[in-house]
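Notes follow the structure.
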Amino acid sequence: MAADKVDPIHQFHITKILPIQVGHWDVSFTNSSLFMAVVVILTTAFLVMATSGRSVVPGRWQLVAEMSYSFVANTLRDAAGKSGMKFFPLVFSLFMFVLVANLLGMIPYFFTITSHIIVTFCLAMLVILTVVIYGIWKHGFHFFGLFVPSGVPAALIPLVTMIEVISFLSRPISLSVRLFANMLAGHITLKVFAGFIVTLSAAGAVGMAGSILPLAMAVALTALEFLVAFLQAYVFTVLTCMYLNDAIHPGH
Amino acid sequence: MAEQVHTTAEVQHEGAHSGAFPPFDSSTFASQILWLAITFGLFYVLMAKVALPRIGGILEARHEKIARDLEEANRLKADSEAAGAAYEAALAEARKKANDIASGTRSALAASIDAKRHDAEQGLSTKIAEAETRIAEIKSKALAEVDGIAVDTAETLVSSLIGEGVGRDEVAAAVQAAK
């Protein structure tokens with residue numbers, strides 16, 4: 001049956017390329033690992049090769065590299081100020097890693113590493129732990145002033161503090177789920193509409209004509225998904241910058 | 001739009017996977033975390049040590065070059081302005097000097113003319129004074145001679161009238177008294 005052939009979940013399956021077992025942990029080199037490595041190699045190679053000319057007047061590739069640099073630098077500077085620039089390598093790495101991973105996932109048959117919650121959760125935890133560790137190391141106990149906004153009536157402080165703590169704890173979840181869910185849902189939707197085309201066109205001439213609709217939808221969704229791929233990388237970066245700002249300037 | 005069509009074999013292959021929804025299949029978590037740590041760690045190092053210093057250096061160099069060029073342009077502009085000002089100053093100086101020379105010459109000439117005229121006037125007035133004294137001398141001398149003539153005449157008249165000589169002194173006193 002044609003419907004059985006289209007499984008929108010199949011693209012998220014992780015397949016072992018090189019099985020590795022350490023103790024009772026399965027740490028095999030998988031298609032996910034492969035694409036992580038591809039992201040790293042591709043991005044680094046692009047940035048290094050694009051800037052090989054080191055020209056004063058940049059060519060188009062060098063311009064792309066410079067624009068990504070200034071884009072992330074401006075985002076970070078706007079959100080966290082000049083002192084936030086010490087986190088620039090981290091923020092830039094996060095942005096480029098997520099962006100390139102998202103965009104690579106748009107290529108047919110390519111694995112989307114950011115469509116796995118564990119990956120986005122690890123990246124989000126990296127951000128939150130950086131915020132917490134840097135905040136405590138830099139400001140000590142004062143860092144927890146983050147949870148007690150100034151100018152709140154004393155009677156409300158316990159309630160507000162509780163809300164602040166909950167919102168702080170939900171940050172890694174919202175940060176990771178937002179990216180993961182966007183990528184997952186987008187890719188499933190694409191696959192479902194693409195599946196409609198296959199199913200309909202298998203149903204003869206009328207179905208063939210009818211499949212134009214899901215085809216148009218799939219084309220439109222592809223454009224949307226490219227937007228989402230960039231936007232989610234940007235949102236992840238902006239939120240990272242804002243959280244880092246909390247670590248640098250914990251006072252409200 | 002990936003992977004629209006799967007073969008039946010693939011579908012069966014999928015069946016071999018554990019039944020869980022892949023993103024929530026915890027059996028793959030260890031591998032993903034480890035490889036993410038390795039690749040992202042490497043990525044961070046590559047970005048922090050290679051790519052970002054490179055791009056940052058290019059941007060910095062461009063910034064410096066633009067700033068340097070602007071500075072150079074400003075310096076040249078200031079130089080040309082200074083040269084213009086120096087030219088103006090030299091011109092004004094020359095003009096002033098020319099004026100000075102002209103007025104100096106004019107006043108020197110006027111002074112020398114004045115001095116000469118003064119000298120000439122001085123000479124003339126001395127000569128006039130000398131002439132006046134001489135005239136006065138001549139006049140008084142002539143007047144004195146008139147006295148002598150009068151005495152002589154009176155003496156001659158008296159002696160011819162009375163026939164005898166009178167003392168010259170008497171005649172002179174008489175003449176003096178008659179004047």
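Here, A, B, ... name the chains of the structure tokens in the order displayed, residue numbers run from 1 inside each chain, and ligands are numbered from 1 in the same displayed order.
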Give the alpha helix (DSSP H) residues of region 20-197 of chain A, as assigned by DSSP on the backbone, as a short mmCIF file (atom, residue, chain, number, x, y, z; two decimals) with C-alpha atoms, in the first residue's frame.
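Final output, states_16.cif:
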data_model
loop_
_atom_site.label_atom_id
_atom_site.label_comp_id
_atom_site.auth_asym_id
_atom_site.auth_seq_id
_atom_site.Cartn_x
_atom_site.Cartn_y
_atom_site.Cartn_z
CA ASN A 31 24.05 9.09 11.29
CA SER A 32 23.42 11.81 13.89
CA SER A 33 27.11 11.83 14.87
CA LEU A 34 28.04 11.90 11.20
CA PHE A 35 25.97 15.00 10.58
CA MET A 36 27.34 16.70 13.69
CA ALA A 37 30.80 16.13 12.25
CA VAL A 38 29.63 17.38 8.85
CA VAL A 39 28.30 20.57 10.44
CA VAL A 40 31.62 21.17 12.19
CA ILE A 41 33.77 20.47 9.15
CA LEU A 42 31.54 22.34 6.70
CA THR A 43 31.20 25.45 8.84
CA THR A 44 34.86 25.63 9.79
CA ALA A 45 35.99 24.99 6.23
CA PHE A 46 33.62 27.65 4.93
CA LEU A 47 34.68 30.29 7.43
CA VAL A 48 38.37 29.59 6.94
CA MET A 49 38.26 29.36 3.16
CA ALA A 50 35.97 32.38 2.77
CA ARG A 60 30.99 37.67 -1.55
CA TRP A 61 32.06 34.63 0.48
CA GLN A 62 34.18 36.67 2.83
CA LEU A 63 31.25 39.04 3.17
CA VAL A 64 29.01 36.16 4.29
CA ALA A 65 31.59 35.15 6.90
CA GLU A 66 31.98 38.74 8.09
CA MET A 67 28.23 39.29 8.17
CA SER A 68 27.65 36.22 10.32
CA TYR A 69 30.40 37.46 12.63
CA SER A 70 29.00 40.98 12.95
CA PHE A 71 25.43 39.69 13.14
CA VAL A 72 26.14 37.53 16.18
CA ALA A 73 28.46 40.15 17.69
CA ASN A 74 25.78 42.85 17.40
CA THR A 75 23.09 40.57 18.81
CA LEU A 76 25.26 39.74 21.79
CA ARG A 77 26.38 43.34 22.33
CA ASP A 78 22.81 44.63 22.18
CA ALA A 79 21.54 42.05 24.66
CA ALA A 80 24.43 41.69 27.09
CA PHE A 88 31.21 35.66 21.89
CA PRO A 89 32.93 32.40 20.84
CA LEU A 90 30.27 30.37 22.68
CA VAL A 91 27.34 32.32 21.24
CA PHE A 92 28.82 32.31 17.76
CA SER A 93 29.46 28.55 17.94
CA LEU A 94 25.90 27.92 19.12
CA PHE A 95 24.40 30.09 16.40
CA MET A 96 26.47 28.61 13.59
CA PHE A 97 26.06 25.04 14.83
CA VAL A 98 22.28 25.30 15.09
CA LEU A 99 21.91 27.29 11.88
CA VAL A 100 24.04 24.97 9.77
CA ALA A 101 22.44 21.90 11.34
CA ASN A 102 18.97 23.28 10.58
CA LEU A 103 19.87 24.21 7.01
CA LEU A 104 21.62 20.90 6.32
CA ILE A 117 15.31 16.76 21.92
CA ILE A 118 18.43 15.42 23.59
CA VAL A 119 20.68 17.48 21.30
CA THR A 120 18.78 20.73 21.77
CA PHE A 121 18.45 20.02 25.49
CA CYS A 122 22.22 19.55 25.83
CA LEU A 123 22.82 22.82 24.00
CA ALA A 124 20.26 24.57 26.23
CA MET A 125 21.85 23.08 29.36
CA LEU A 126 25.23 24.28 28.15
CA VAL A 127 23.81 27.80 28.04
CA ILE A 128 22.04 27.58 31.41
CA LEU A 129 25.02 26.01 33.16
CA THR A 130 27.27 28.69 31.71
CA VAL A 131 24.89 31.30 33.07
CA VAL A 132 24.65 29.72 36.52
CA ILE A 133 28.34 28.89 36.95
CA TYR A 134 29.57 32.22 35.61
CA GLY A 135 26.91 34.10 37.59
CA ILE A 136 27.83 32.44 40.88
CA TRP A 137 31.57 32.62 40.23
CA LYS A 138 31.37 36.31 39.34
CA HIS A 139 28.72 37.57 41.75
CA ILE A 157 8.34 38.82 47.40
CA PRO A 158 7.83 35.12 48.19
CA LEU A 159 5.30 34.75 45.40
CA VAL A 160 7.34 36.71 42.86
CA THR A 161 10.50 34.84 43.80
CA MET A 162 8.74 31.53 43.33
CA ILE A 163 7.55 32.62 39.89
CA GLU A 164 11.05 33.82 39.00
CA VAL A 165 12.59 30.51 40.10
CA ILE A 166 10.07 28.51 38.09
CA SER A 167 10.60 30.69 35.04
CA PHE A 168 14.37 30.29 35.43
CA LEU A 169 14.08 26.52 35.71
CA SER A 170 11.81 26.34 32.69
CA ARG A 171 14.34 28.20 30.54
CA PRO A 172 16.36 25.17 29.44
CA ILE A 173 13.12 23.32 28.68
CA SER A 174 11.56 26.11 26.66
CA LEU A 175 14.85 26.83 24.92
CA SER A 176 15.35 23.21 23.87
CA VAL A 177 11.74 22.30 23.16
CA ARG A 178 11.20 25.37 20.98
CA LEU A 179 14.02 24.44 18.63
CA PHE A 180 13.36 20.70 18.70
CA ALA A 181 9.59 21.01 18.17
CA ASN A 182 9.96 23.50 15.33
CA MET A 183 12.38 21.29 13.46
CA LEU A 184 10.46 18.10 14.17
CA ALA A 185 7.05 19.52 13.24
CA GLY A 186 8.34 21.23 10.14
CA HIS A 187 9.99 18.10 8.82
CA ILE A 188 6.97 15.95 9.62
CA THR A 189 4.65 18.41 7.86
CA LEU A 190 6.88 18.46 4.82
CA LYS A 191 6.96 14.68 4.74
CA VAL A 192 3.20 14.39 5.17
CA PHE A 193 2.50 16.73 2.26
CA ALA A 194 5.12 15.02 0.15
CA GLY A 195 3.43 11.73 1.06
CA PHE A 196 0.09 13.10 -0.19
CA ILE A 197 1.69 13.74 -3.57
#
field: Given only C-alpha atoms as the counted atoms, nearest of B:Arg62, B:Arg68, B:Arg95, B:Lys49 to chain A
entry: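 Checking each candidate against chain A, we get B:Arg62 as the closest.
Closest approach to chain B from the set A:Thr51, A:Thr112, A:Asn245, A:Ser150 is made by A:Thr51, with distances taken over only C-alpha atoms.
In this comparison, which uses only C-alpha atoms, the residue of A:Ala155, A:Val238, A:Ile248, A:Thr222 approaching Pro108 (chain A) most closely is A:Thr222.
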